[in-house]
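Asker: Sharing a structure with you now.
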Amino acid sequence: MRLILAAILTVTASAALHAHSGVEAADGRVTLANGQTSVTFDAGKRFDILSMKHLGSRELVEPGHNLAPWTITYLGAQGETPEVNPACAVYKGYTQERNDTASVLRFRWDTRLQYDGKPYPVEMTVSLPDNSPLLQWNISAELPEGWTVSELKFPTVAVKSPSQAKVITPAGWGNEYKLRADTVYEANYPSWSASMQMMLLDDADGSYFYSPRDYKACGKLMTLNERLGQSEFTTETVVSEVWNKDGRFELPWTTVTAFNPGGWAEAAKAWYRPFAHNTSWGRVQLKDRKIPEWLVEKDLWLRAKYTGDTTVVAVNRAIDYFGDDIAFHWYFWHNHAYDSHYPDYFPAKPEFAGIVKQVRDRNCQVMPYINGRLWDPGADSYKARRGYEASCRRPDGALYTEIYPTSIVPNTVTCPSSPIWHDMLIELADSIQERLGTDGLYIDQIAAAAPYPCYAENHKHPKGGGEFWYEDYKGIIDDMRRDHLKPGNIIFSEENAECYIPVFDILLTVNTPHNPSCRIVPLYPLIYSDRVLTTAYTYTPYTDVRLGDFRYQNMQCLLYGSQLGWVDPRLLWVDEASEYEAKFLKNLVDFRKDQHDVFIGGQYVREFVPEGDNPYVNVPVFGGDYMVKGAEWLSPKGQRVLYVVNSDSKPHKVTLPTGKSITMKPISAKRINL
């Protein structure tokens with residue numbers, strides 16, 4: 001059915017190729033339309049969206065549920081903090097205009113922020129470009145002297161909740177949830193919970209697409225709130241003080257919305273990928289990035305812990321078994337407990353430098369763990385290096401403090417704008433490479449943790465939110481790479497927030513939520529497979545690989561094109577059952593060695609489930625799924641390729657989307673060139 005809808009979409013879009021947008025007012029309504037999209041507003045004494053259709057879709061809205069498209073929190077000259085929405089303002093109606101490429105409706109509300117007899121208008125524009133189904137939403141506000149906007153919710157758009165709908169969020173690889181009544185779905189960008197700037201509401205007849213198009217990667221919280229049969233999308237933003245200028249506030253990005261009959265994957269490819277590939281972080285293809293060849297050709301990562309004999313024996317056995325195609329991400333190499341005393345990692349445990357040399361002598365690589373964001377206020381360096389001056393601060397000057405179950409001690413969040421933190425990370429980069437002889441640097445949390453707004457008086461960035469978090473972390477890593485990274489060494493971080501793709505050589509992608517009610521979907525590879533190197537799929541088991549989820553994870557990892565493994569080697573040879581899991585991993589590693597012509601710079605096209613003899617099972621932690629899974633890719637040379645993996649211990653005869661039947665051996669992978 002969706003293939004038919006996609007075909008209709010293509011024909012409809014082609015027919016409307018030269019359709020200019022226009023405005024028509026009649027019978028108390030005003031309509032913005034262009035042949036692909038039609039949205040009708042109340043032209044009377046209140047704002048409301050009366051109708052919305054995209055590309056021949058069903059009616060998407062219900063009158064009476066879009067009365068408040070914005071909520072603004074102000075900061076007054078005397079410290080006032082009023083939260084204002086259209087119910088607390090006077091609606092003044094709309095005007096229409098036309099620019100070179102779009103028709104525009106400009107809606108106005110007057111606010112009374114102080115008793116000076118002056119209105120302070122809020123203006124929202126809704127634009128519809130020619131030949132595009134995407135509605136564009138923008139907002140600005142006039143301010144009294146000494147006033148600013150401090151927080152904003154915009155645009156708030158409510159669409160009808162289909163009874164069988166699913167929510168697609170950009171957490172990690174991508175998540176699919178069943179839409180539940182009275183439930184809020186959040187995506188905090190840029191972070192593990194929002195690697196990209198979009199959310200979608202998917203149903204059998206198509207997908208509603210909501211996306212802030214922010215080219216500067218500012219912090220923002222996207223939400224979908226289902227309530228009373230309505231799915232309300234909005235974006236909450238902590239404002240940067242520089243967005244208030246000369247008595248005027250203006251949001252520095254445009255949000256786009258539309259409905260795609262082809263579904264969420266088609267919407268993402270049609271409307272997010274072109275935007276993403278025009279940003280500073282998505283513009284450069286993988287083939288044009290300067291990444292050391294050994295990393296590009298890597299197939300397997302292992303997660304080594306501690307420096308004792310048990311770990312060393314397991315590491316050497318892994319090299320014997322898998323060969324020298326391994327990079328080791330190493331934990332617990334420093335004397336202090338994990339997640340404590342950061343960033344005081346040195347001195348290292350005395351045997352660690354020797355272990356690093358031993359592993360490197362066997363043609364493998366080692367990257368020890370450090371954290372790029374937390375500073376333990378109990379660490380000696382916090383006082384000695386004036387860490388309190390580098391700490392990120394709340395509006396009242398208090399510290400942002402986090403605590404983790406691994407250490408149960410408070411850690412402060414450090415502001416990346418601080419030269420103190422810049423110098424600390426640079427010194428760590430030098431020390432790790434010089435004193436330990438590693439092949440690079442692993443710096444945790446930078447691409448994983450969402451930015452905090454910072455109000456520290458002594459920091460160089462504008463107070464509040466904005467782009468400084470991403471820009472200053474990028475500046476630190478750029479300086480590290482330019483002046484301190486040894487030739488052939490790499491820098492990587494955990495998680496896959498899109499803006500950090502060119503900042504790091506590879507991203508460890510393991511935090512995507514998953515459980516029986518939350519399915520991982522390939523949203524991220526659909527957009528960025530030809531731009532980024534990733535490793536792993538989700539966190540591998542900490543204590544036992546024999547439960548079935550380990551094979552499932554590595555199957556999905558291969559199909560997504562990610563480098564495999566990231567498992568503790570001590571778990572792979574506990575008994576015969578765990579050796580079987582190791583055998584499956586080895587089969588995939590050996591198979592992946594011959595797939596670099598596709599996975600390195602190729603484009604992920606879609607996932608598929610082969611039909612036929614394909615058992616549906618309960619995968620621990622993940623829920624129900626099939627033992628045999630597949631993915632279609634397009635190589636950099638234009639070769640269409642199907643990949644199929646059988647994670648079962650039994651053979652299965654399955655049918656591909658092409659109609660061809662194949663027999664998959666146990667724990668095996670196969671490539672089919674189309």
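Within each chain, counting starts at residue 1; across the structure tokens, chains are named A, B, ... in the order shown, with ligands numbered 1 upward in that order.
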With a distance cut-off of 10 Å and only C-alpha atoms, select the neighbouring residues of Val628 (chain A), excluding the residue or stretch itself and same-chain residues fewer than 2 positions from it, and output the selection as a PyMOL selection string.

Answerer: chain A and resi 552+555+608-611+613-616+625-626+630+644-648+651-654+664+667-669

Asker: Identify, with DSSP run on backbone atoms, the residues in region 451-607 of chain A assigned to alpha helix (DSSP H), and express the list as a PyMOL selection string.

Answerer: chain A and resi 468-483+523-528+549-559+576-592+596-599

Asker: Residues near Ile72 (chain A), anyone? I mean within 12 Å using only C-alpha atoms, not counting same-chain ones fewer than 5 positions away, as a ChimeraX atom specification.

Answerer: /A:81-89,111,113,121-123,139-143,148-156,235-239,249-251

Asker: Just the selected residues (N, CA and C atoms), exported as a JSON list (two decimals), in the first residue's frame, please.

Answerer:
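Full text of out34.json as output:
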[["chain", "number", "residue", "atom", "x", "y", "z"],
["A", 81, "THR", "N", 8.97, 37.66, 35.32],
["A", 81, "THR", "CA", 9.11, 36.49, 34.45],
["A", 81, "THR", "C", 7.74, 36.00, 33.97],
["A", 82, "PRO", "N", 6.98, 36.83, 33.30],
["A", 82, "PRO", "CA", 5.65, 36.39, 32.85],
["A", 82, "PRO", "C", 5.75, 35.37, 31.72],
["A", 83, "GLU", "N", 4.88, 34.35, 31.79],
["A", 83, "GLU", "CA", 4.73, 33.39, 30.70],
["A", 83, "GLU", "C", 3.47, 33.77, 29.95],
["A", 84, "VAL", "N", 3.62, 34.14, 28.70],
["A", 84, "VAL", "CA", 2.52, 34.71, 27.92],
["A", 84, "VAL", "C", 2.20, 33.79, 26.75],
["A", 85, "ASN", "N", 0.91, 33.53, 26.54],
["A", 85, "ASN", "CA", 0.45, 32.83, 25.35],
["A", 85, "ASN", "C", -0.70, 33.62, 24.74],
["A", 86, "PRO", "N", -1.26, 33.20, 23.63],
["A", 86, "PRO", "CA", -2.32, 34.01, 23.00],
["A", 86, "PRO", "C", -3.52, 34.30, 23.87],
["A", 87, "ALA", "N", -3.77, 33.48, 24.88],
["A", 87, "ALA", "CA", -4.89, 33.76, 25.79],
["A", 87, "ALA", "C", -4.64, 35.01, 26.62],
["A", 88, "CYS", "N", -3.37, 35.41, 26.75],
["A", 88, "CYS", "CA", -3.00, 36.60, 27.54],
["A", 88, "CYS", "C", -2.59, 37.74, 26.63],
["A", 89, "ALA", "N", -3.04, 37.71, 25.40],
["A", 89, "ALA", "CA", -2.70, 38.76, 24.44],
["A", 89, "ALA", "C", -3.96, 39.09, 23.62],
["A", 111, "THR", "N", 0.75, 42.26, 23.11],
["A", 111, "THR", "CA", 0.89, 41.99, 24.54],
["A", 111, "THR", "C", 1.03, 43.33, 25.27],
["A", 113, "LEU", "N", 3.04, 44.38, 28.31],
["A", 113, "LEU", "CA", 4.05, 43.92, 29.26],
["A", 113, "LEU", "C", 4.31, 44.94, 30.37],
["A", 121, "PRO", "N", 3.93, 43.77, 20.14],
["A", 121, "PRO", "CA", 3.36, 42.69, 19.35],
["A", 121, "PRO", "C", 4.26, 41.45, 19.26],
["A", 122, "VAL", "N", 3.58, 40.32, 19.17],
["A", 122, "VAL", "CA", 4.20, 39.06, 18.78],
["A", 122, "VAL", "C", 3.73, 38.76, 17.37],
["A", 123, "GLU", "N", 4.66, 38.50, 16.47],
["A", 123, "GLU", "CA", 4.31, 38.20, 15.09],
["A", 123, "GLU", "C", 4.76, 36.79, 14.73],
["A", 139, "ILE", "N", 8.83, 33.19, 14.14],
["A", 139, "ILE", "CA", 8.24, 34.05, 15.16],
["A", 139, "ILE", "C", 9.21, 35.15, 15.57],
["A", 140, "SER", "N", 8.64, 36.31, 15.93],
["A", 140, "SER", "CA", 9.42, 37.43, 16.47],
["A", 140, "SER", "C", 8.54, 38.16, 17.48],
["A", 141, "ALA", "N", 9.17, 39.02, 18.29],
["A", 141, "ALA", "CA", 8.42, 39.76, 19.31],
["A", 141, "ALA", "C", 9.11, 41.10, 19.57],
["A", 142, "GLU", "N", 8.30, 42.14, 19.76],
["A", 142, "GLU", "CA", 8.81, 43.44, 20.16],
["A", 142, "GLU", "C", 8.88, 43.50, 21.69],
["A", 143, "LEU", "N", 9.87, 44.25, 22.22],
["A", 143, "LEU", "CA", 10.15, 44.23, 23.65],
["A", 143, "LEU", "C", 10.24, 45.64, 24.23],
["A", 148, "THR", "N", 13.72, 41.09, 27.83],
["A", 148, "THR", "CA", 14.19, 40.08, 26.89],
["A", 148, "THR", "C", 13.21, 38.90, 26.90],
["A", 149, "VAL", "N", 13.31, 38.09, 25.88],
["A", 149, "VAL", "CA", 12.66, 36.77, 25.88],
["A", 149, "VAL", "C", 13.68, 35.78, 26.43],
["A", 150, "SER", "N", 13.26, 34.97, 27.40],
["A", 150, "SER", "CA", 14.19, 34.00, 28.00],
["A", 150, "SER", "C", 13.90, 32.56, 27.59],
["A", 151, "GLU", "N", 12.62, 32.24, 27.35],
["A", 151, "GLU", "CA", 12.25, 30.89, 26.92],
["A", 151, "GLU", "C", 11.11, 30.97, 25.93],
["A", 152, "LEU", "N", 11.01, 29.93, 25.10],
["A", 152, "LEU", "CA", 10.00, 29.93, 24.04],
["A", 152, "LEU", "C", 9.52, 28.51, 23.78],
["A", 153, "LYS", "N", 8.22, 28.38, 23.54],
["A", 153, "LYS", "CA", 7.64, 27.14, 23.00],
["A", 153, "LYS", "C", 7.01, 27.50, 21.65],
["A", 154, "PHE", "N", 7.58, 26.93, 20.57],
["A", 154, "PHE", "CA", 7.12, 27.31, 19.23],
["A", 154, "PHE", "C", 7.75, 26.41, 18.18],
["A", 155, "PRO", "N", 7.00, 26.12, 17.10],
["A", 155, "PRO", "CA", 5.57, 26.29, 16.96],
["A", 155, "PRO", "C", 4.83, 25.10, 17.59],
["A", 156, "THR", "N", 3.72, 25.38, 18.21],
["A", 156, "THR", "CA", 2.88, 24.33, 18.78],
["A", 156, "THR", "C", 1.78, 24.03, 17.77],
["A", 235, "THR", "N", 8.35, 22.78, 20.24],
["A", 235, "THR", "CA", 9.78, 22.85, 20.55],
["A", 235, "THR", "C", 9.99, 23.88, 21.65],
["A", 236, "GLU", "N", 10.59, 23.42, 22.75],
["A", 236, "GLU", "CA", 10.91, 24.31, 23.86],
["A", 236, "GLU", "C", 12.37, 24.72, 23.76],
["A", 237, "THR", "N", 12.60, 26.02, 23.85],
["A", 237, "THR", "CA", 13.96, 26.54, 23.65],
["A", 237, "THR", "C", 14.30, 27.53, 24.75],
["A", 238, "VAL", "N", 15.48, 27.35, 25.35],
["A", 238, "VAL", "CA", 16.04, 28.37, 26.23],
["A", 238, "VAL", "C", 16.80, 29.34, 25.34],
["A", 239, "VAL", "N", 16.42, 30.59, 25.39],
["A", 239, "VAL", "CA", 16.88, 31.60, 24.44],
["A", 239, "VAL", "C", 18.29, 32.07, 24.80],
["A", 249, "PHE", "N", 13.00, 40.48, 19.64],
["A", 249, "PHE", "CA", 13.42, 39.08, 19.70],
["A", 249, "PHE", "C", 13.03, 38.39, 18.38],
["A", 250, "GLU", "N", 13.95, 37.55, 17.89],
["A", 250, "GLU", "CA", 13.64, 36.78, 16.70],
["A", 250, "GLU", "C", 14.28, 35.40, 16.82],
["A", 251, "LEU", "N", 13.49, 34.37, 16.61],
["A", 251, "LEU", "CA", 14.02, 33.00, 16.64],
["A", 251, "LEU", "C", 14.85, 32.77, 15.39]]

Asker: Quick one: everything within 9 Å of Leu135 (chain A), counting only C-alpha atoms, minus sequence neighbours fewer than 3 positions away in the same chain. Send it as a CSV table (one decimal) with all heavy atoms, in the first residue's frame.

Answerer:
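Result written to part10.csv:
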chain,number,residue,atom,x,y,z
A,37,THR,N,-0.1,21.6,-0.8
A,37,THR,CA,-0.5,21.8,0.6
A,37,THR,C,-1.6,22.8,0.6
A,37,THR,O,-1.5,23.8,-0.1
A,37,THR,CB,0.7,22.2,1.4
A,37,THR,OG1,1.6,21.1,1.6
A,37,THR,CG2,0.3,22.8,2.8
A,39,VAL,N,-3.7,24.9,3.9
A,39,VAL,CA,-3.9,25.1,5.3
A,39,VAL,C,-4.8,26.3,5.4
A,39,VAL,O,-4.6,27.4,4.8
A,39,VAL,CB,-2.6,25.3,6.1
A,39,VAL,CG1,-1.8,26.5,5.5
A,39,VAL,CG2,-2.9,25.5,7.5
A,126,VAL,N,3.5,32.2,8.8
A,126,VAL,CA,3.4,30.9,8.2
A,126,VAL,C,3.5,31.0,6.7
A,126,VAL,O,2.8,31.8,6.1
A,126,VAL,CB,2.0,30.2,8.5
A,126,VAL,CG1,2.0,28.8,7.9
A,126,VAL,CG2,1.8,30.2,10.0
A,127,SER,N,4.6,30.4,6.2
A,127,SER,CA,4.9,30.6,4.7
A,127,SER,C,4.7,29.3,4.0
A,127,SER,O,4.9,28.2,4.6
A,127,SER,CB,6.4,31.1,4.6
A,127,SER,OG,6.6,32.2,5.4
A,128,LEU,N,4.3,29.4,2.7
A,128,LEU,CA,4.2,28.2,1.9
A,128,LEU,C,5.0,28.5,0.6
A,128,LEU,O,4.5,29.3,-0.2
A,128,LEU,CB,2.8,27.8,1.6
A,128,LEU,CG,2.6,26.6,0.7
A,128,LEU,CD1,3.2,25.4,1.4
A,128,LEU,CD2,1.1,26.4,0.5
A,129,PRO,N,6.2,27.9,0.4
A,129,PRO,CA,6.9,28.1,-0.8
A,129,PRO,C,6.2,27.5,-2.0
A,129,PRO,O,5.4,26.6,-1.9
A,129,PRO,CB,8.2,27.4,-0.5
A,129,PRO,CG,8.3,27.1,0.9
A,129,PRO,CD,6.9,27.0,1.4
A,132,SER,N,6.4,23.3,-3.1
A,132,SER,CA,6.8,22.5,-1.9
A,132,SER,C,5.6,22.3,-1.0
A,132,SER,O,4.8,23.2,-0.8
A,132,SER,CB,7.9,23.3,-1.2
A,132,SER,OG,8.2,22.7,0.1
A,255,THR,N,11.0,26.4,11.4
A,255,THR,CA,10.5,25.0,11.6
A,255,THR,C,9.6,24.7,10.4
A,255,THR,O,8.8,25.5,9.9
A,255,THR,CB,9.7,24.9,12.9
A,255,THR,OG1,10.5,25.2,14.0
A,255,THR,CG2,9.1,23.5,13.1
A,256,VAL,N,9.7,23.4,9.9
A,256,VAL,CA,8.9,23.0,8.8
A,256,VAL,C,8.0,21.9,9.2
A,256,VAL,O,8.4,21.0,10.1
A,256,VAL,CB,9.7,22.6,7.6
A,256,VAL,CG1,10.6,23.8,7.1
A,256,VAL,CG2,10.6,21.4,7.9
A,257,THR,N,6.8,21.8,8.6
A,257,THR,CA,5.9,20.7,8.9
A,257,THR,C,5.2,20.3,7.6
A,257,THR,O,5.0,21.1,6.7
A,257,THR,CB,4.8,21.1,9.9
A,257,THR,OG1,4.0,22.2,9.3
A,257,THR,CG2,5.3,21.6,11.2
A,258,ALA,N,4.9,19.0,7.5
A,258,ALA,CA,4.2,18.5,6.3
A,258,ALA,C,3.7,17.1,6.6
A,258,ALA,O,4.0,16.5,7.7
A,258,ALA,CB,5.1,18.5,5.1

Asker: Tell me which protein, DNA and RNA residues are within 9 Å of Thr234 (chain A), counting only C-alpha atoms, leaving out same-chain ones fewer than 4 positions away, and put them as a list in words.

Answerer: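 Contacts, with the query itself left out: Pro69, Trp70, Lys153, Phe154, Pro155, Thr156, Val157, Ala158, Tyr210, Leu221, Met222, Thr223, Leu224 and Asn225 of chain A.
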
Asker: Find the residues around region 520-531 of chain A up to 8 Å (only C-alpha atoms counted), leave out those fewer than 4 positions away in its own chain, and share them as a count of residues only.

Answerer: 33

Asker: Might you pull out every residue within 7 Å of region 534-550 of chain A, with only C-alpha atoms counted and same-chain residues fewer than 4 positions away left off, and present them as a list in words?

Answerer: Ile506, Leu507, Leu508, Thr509, Val510, Asn511, Thr512, Asn554, Gln556, Cys557, Ser562, Gln563, Leu564, Gly565, Trp566, Val567, Leu571, Ala577, Ser578, Glu581, Val619 and Pro620 of chain A

Asker: Please produce an output containing C-alpha atoms for each residue in the selection, written as a CSV table (one decimal), in the first residue's frame.

Answerer:
chain,number,residue,atom,x,y,z
A,506,ILE,CA,33.9,7.8,14.6
A,507,LEU,CA,30.9,7.7,17.0
A,508,LEU,CA,30.1,5.0,19.5
A,509,THR,CA,26.3,4.5,19.1
A,510,VAL,CA,25.0,2.4,22.0
A,511,ASN,CA,22.4,4.4,23.9
A,512,THR,CA,19.3,4.0,21.7
A,554,ASN,CA,25.4,-7.8,16.0
A,556,GLN,CA,21.4,-5.3,13.4
A,557,CYS,CA,24.8,-3.7,13.8
A,562,SER,CA,28.3,-0.1,11.9
A,563,GLN,CA,31.6,-1.6,13.0
A,564,LEU,CA,30.9,-4.6,15.1
A,565,GLY,CA,31.3,-5.8,18.6
A,566,TRP,CA,32.0,-3.5,21.6
A,567,VAL,CA,31.8,-6.4,23.9
A,571,LEU,CA,32.4,-12.9,28.3
A,577,ALA,CA,27.4,-21.5,24.7
A,578,SER,CA,29.3,-18.3,24.9
A,581,GLU,CA,28.2,-16.3,20.4
A,619,VAL,CA,14.6,-11.2,21.9
A,620,PRO,CA,15.6,-10.5,25.5
